[in-house]
Amino acid sequence: MKESHRTRRMERHHKRNKKTATLNMVSMMDIFTILVFFLLVSAGNQQNLPDLKHIKLPESHAQQPPQENLLILVNKDNILFQGKVVASTKLGKRSSEKTVKKRGVTIMGDKKIPYALLKRIMLTCASSDFTNISLAVVHKAQEKN
């Protein structure tokens, strides 16, 4: 079948004016830059304590967020300072002590450890010139009446 003059003219016209779609990379880079900046700023404001499965923290209704301090972890076997074992909770065992600058300290203690052990740790921190001792707890939402 023979094409008409009009059909051929329309095909030529469409071939001439055919444009390819382009992607504006400048706008996309601006959006990604803003997104990365937002993520960095928002990630810097969070203060997360290490999530350890063998330590169950007590619950609290406190409204004030904890301050960033040195971290002491206490479980049924060991006492860890900044992730390093410094002493055993079993009586009679002791490892090397570490000197630390005068700062605050956060104690993450399992809720099942005896209070006497926690008190000894806090007294040791106080005698080592730690002026601000904090206890890590799980924040529990207040119940509505």
# chains A, B, ... in the order shown; residues from 1 in each chain; ligands from 1
$ select_by_dssp --residues "range 9-140 of chain A" --states "strand (DSSP E or B)" --output "compact mmCIF listing (two decimals) with N, CA, C and O atoms, in the first residue's frame"
# COMPACT_ATOMS: atom_id res chain seq x y z
N GLU A 59 14.20 0.53 84.40
CA GLU A 59 13.38 1.50 83.68
C GLU A 59 13.25 2.78 84.49
O GLU A 59 13.32 2.77 85.71
N SER A 60 13.04 3.92 83.78
CA SER A 60 12.96 5.21 84.44
C SER A 60 11.97 6.10 83.69
O SER A 60 11.77 5.95 82.50
N LEU A 70 32.25 8.95 80.27
CA LEU A 70 32.93 7.67 80.15
C LEU A 70 31.93 6.59 80.54
O LEU A 70 31.00 6.83 81.30
N LEU A 71 32.11 5.38 80.04
CA LEU A 71 31.10 4.34 80.22
C LEU A 71 31.65 3.15 80.97
O LEU A 71 32.68 2.60 80.62
N ILE A 72 30.95 2.76 82.03
CA ILE A 72 31.27 1.56 82.80
C ILE A 72 30.12 0.59 82.65
O ILE A 72 28.97 0.94 82.93
N LEU A 73 30.40 -0.62 82.19
CA LEU A 73 29.38 -1.66 82.04
C LEU A 73 29.59 -2.70 83.12
O LEU A 73 30.72 -3.15 83.35
N VAL A 74 28.51 -3.08 83.79
CA VAL A 74 28.61 -4.07 84.85
C VAL A 74 27.61 -5.18 84.56
O VAL A 74 26.43 -4.92 84.39
N ASN A 78 31.73 -9.48 84.78
CA ASN A 78 32.84 -8.54 84.66
C ASN A 78 32.40 -7.10 84.83
O ASN A 78 31.23 -6.77 84.68
N ILE A 79 33.39 -6.24 85.06
CA ILE A 79 33.22 -4.79 85.02
C ILE A 79 34.05 -4.31 83.85
O ILE A 79 35.26 -4.56 83.78
N LEU A 80 33.40 -3.62 82.89
CA LEU A 80 34.08 -3.15 81.69
C LEU A 80 34.14 -1.63 81.71
O LEU A 80 33.14 -0.96 82.03
N PHE A 81 35.30 -1.07 81.39
CA PHE A 81 35.48 0.38 81.29
C PHE A 81 35.78 0.70 79.84
O PHE A 81 36.80 0.25 79.31
N LYS A 84 36.58 -2.34 77.81
CA LYS A 84 37.69 -3.21 78.21
C LYS A 84 37.45 -3.72 79.63
O LYS A 84 37.09 -2.96 80.52
N VAL A 85 37.68 -5.00 79.84
CA VAL A 85 37.50 -5.61 81.15
C VAL A 85 38.57 -5.07 82.10
O VAL A 85 39.76 -5.16 81.82
N VAL A 86 38.14 -4.49 83.23
CA VAL A 86 39.09 -3.97 84.21
C VAL A 86 39.04 -4.76 85.52
O VAL A 86 39.98 -4.71 86.30
N ALA A 87 37.93 -5.45 85.76
CA ALA A 87 37.83 -6.24 86.99
C ALA A 87 36.73 -7.28 86.82
O ALA A 87 35.87 -7.15 85.97
N SER A 88 36.82 -8.28 87.66
CA SER A 88 35.80 -9.32 87.67
C SER A 88 34.86 -9.04 88.84
O SER A 88 35.28 -8.51 89.87
N GLY A 104 32.96 13.08 84.05
CA GLY A 104 31.78 12.32 84.46
C GLY A 104 31.89 10.90 83.95
O GLY A 104 32.67 10.60 83.05
N VAL A 105 31.09 10.01 84.53
CA VAL A 105 31.11 8.62 84.13
C VAL A 105 29.66 8.11 84.12
O VAL A 105 28.85 8.53 84.95
N THR A 106 29.33 7.25 83.16
CA THR A 106 28.01 6.62 83.11
C THR A 106 28.18 5.14 83.42
O THR A 106 29.01 4.48 82.82
N ILE A 107 27.39 4.63 84.35
CA ILE A 107 27.47 3.23 84.73
C ILE A 107 26.25 2.51 84.16
O ILE A 107 25.12 2.89 84.46
N MET A 108 26.50 1.50 83.32
CA MET A 108 25.43 0.66 82.80
C MET A 108 25.48 -0.63 83.60
O MET A 108 26.35 -1.46 83.38
N GLY A 109 24.58 -0.80 84.52
CA GLY A 109 24.58 -1.98 85.36
C GLY A 109 23.34 -2.82 85.12
O GLY A 109 22.24 -2.28 85.00
N ASN A 132 30.89 13.54 88.31
CA ASN A 132 29.52 13.38 87.83
C ASN A 132 29.28 11.91 87.48
O ASN A 132 29.72 11.43 86.46
N ILE A 133 28.57 11.20 88.36
CA ILE A 133 28.28 9.78 88.14
C ILE A 133 26.83 9.64 87.71
O ILE A 133 25.92 10.11 88.40
N SER A 134 26.61 9.00 86.56
CA SER A 134 25.25 8.78 86.04
C SER A 134 25.00 7.29 85.92
O SER A 134 25.92 6.51 85.66
N LEU A 135 23.74 6.89 86.09
CA LEU A 135 23.34 5.51 85.92
C LEU A 135 22.47 5.41 84.67
O LEU A 135 21.52 6.18 84.52
N VAL A 138 16.61 2.49 80.99
CA VAL A 138 15.74 2.48 79.81
C VAL A 138 14.61 3.46 80.08
O VAL A 138 13.95 3.38 81.12
N HIS A 139 14.38 4.38 79.15
CA HIS A 139 13.32 5.37 79.33
C HIS A 139 11.96 4.71 79.12
O HIS A 139 11.71 4.08 78.10
$ select_by_dssp --residues "chain A" --states "helix (DSSP H, G or I)" --output "PyMOL selection string"
chain A and resi 5-16+25-44+115-127
$ closest_residue --among "A:Arg103, A:Arg16, A:Lys112, A:Arg8" --to "Ser128 in chain A" --atoms "only C-alpha atoms"
A:Arg103
$ atom_distance --atom1 "CA of Lys56 in chain A" --atom2 "CA of Ser127 in chain A"
26.9 Å
$ atom_distance --atom1 "CA of Arg120 in chain A" --atom2 "CA of Asp77 in chain A"
15.5 Å
$ closest_residue --among "A:Ile34, A:Cys125, A:Leu40, A:Leu118" --to "Asn75 in chain A" --atoms "only C-alpha atoms"
A:Leu118
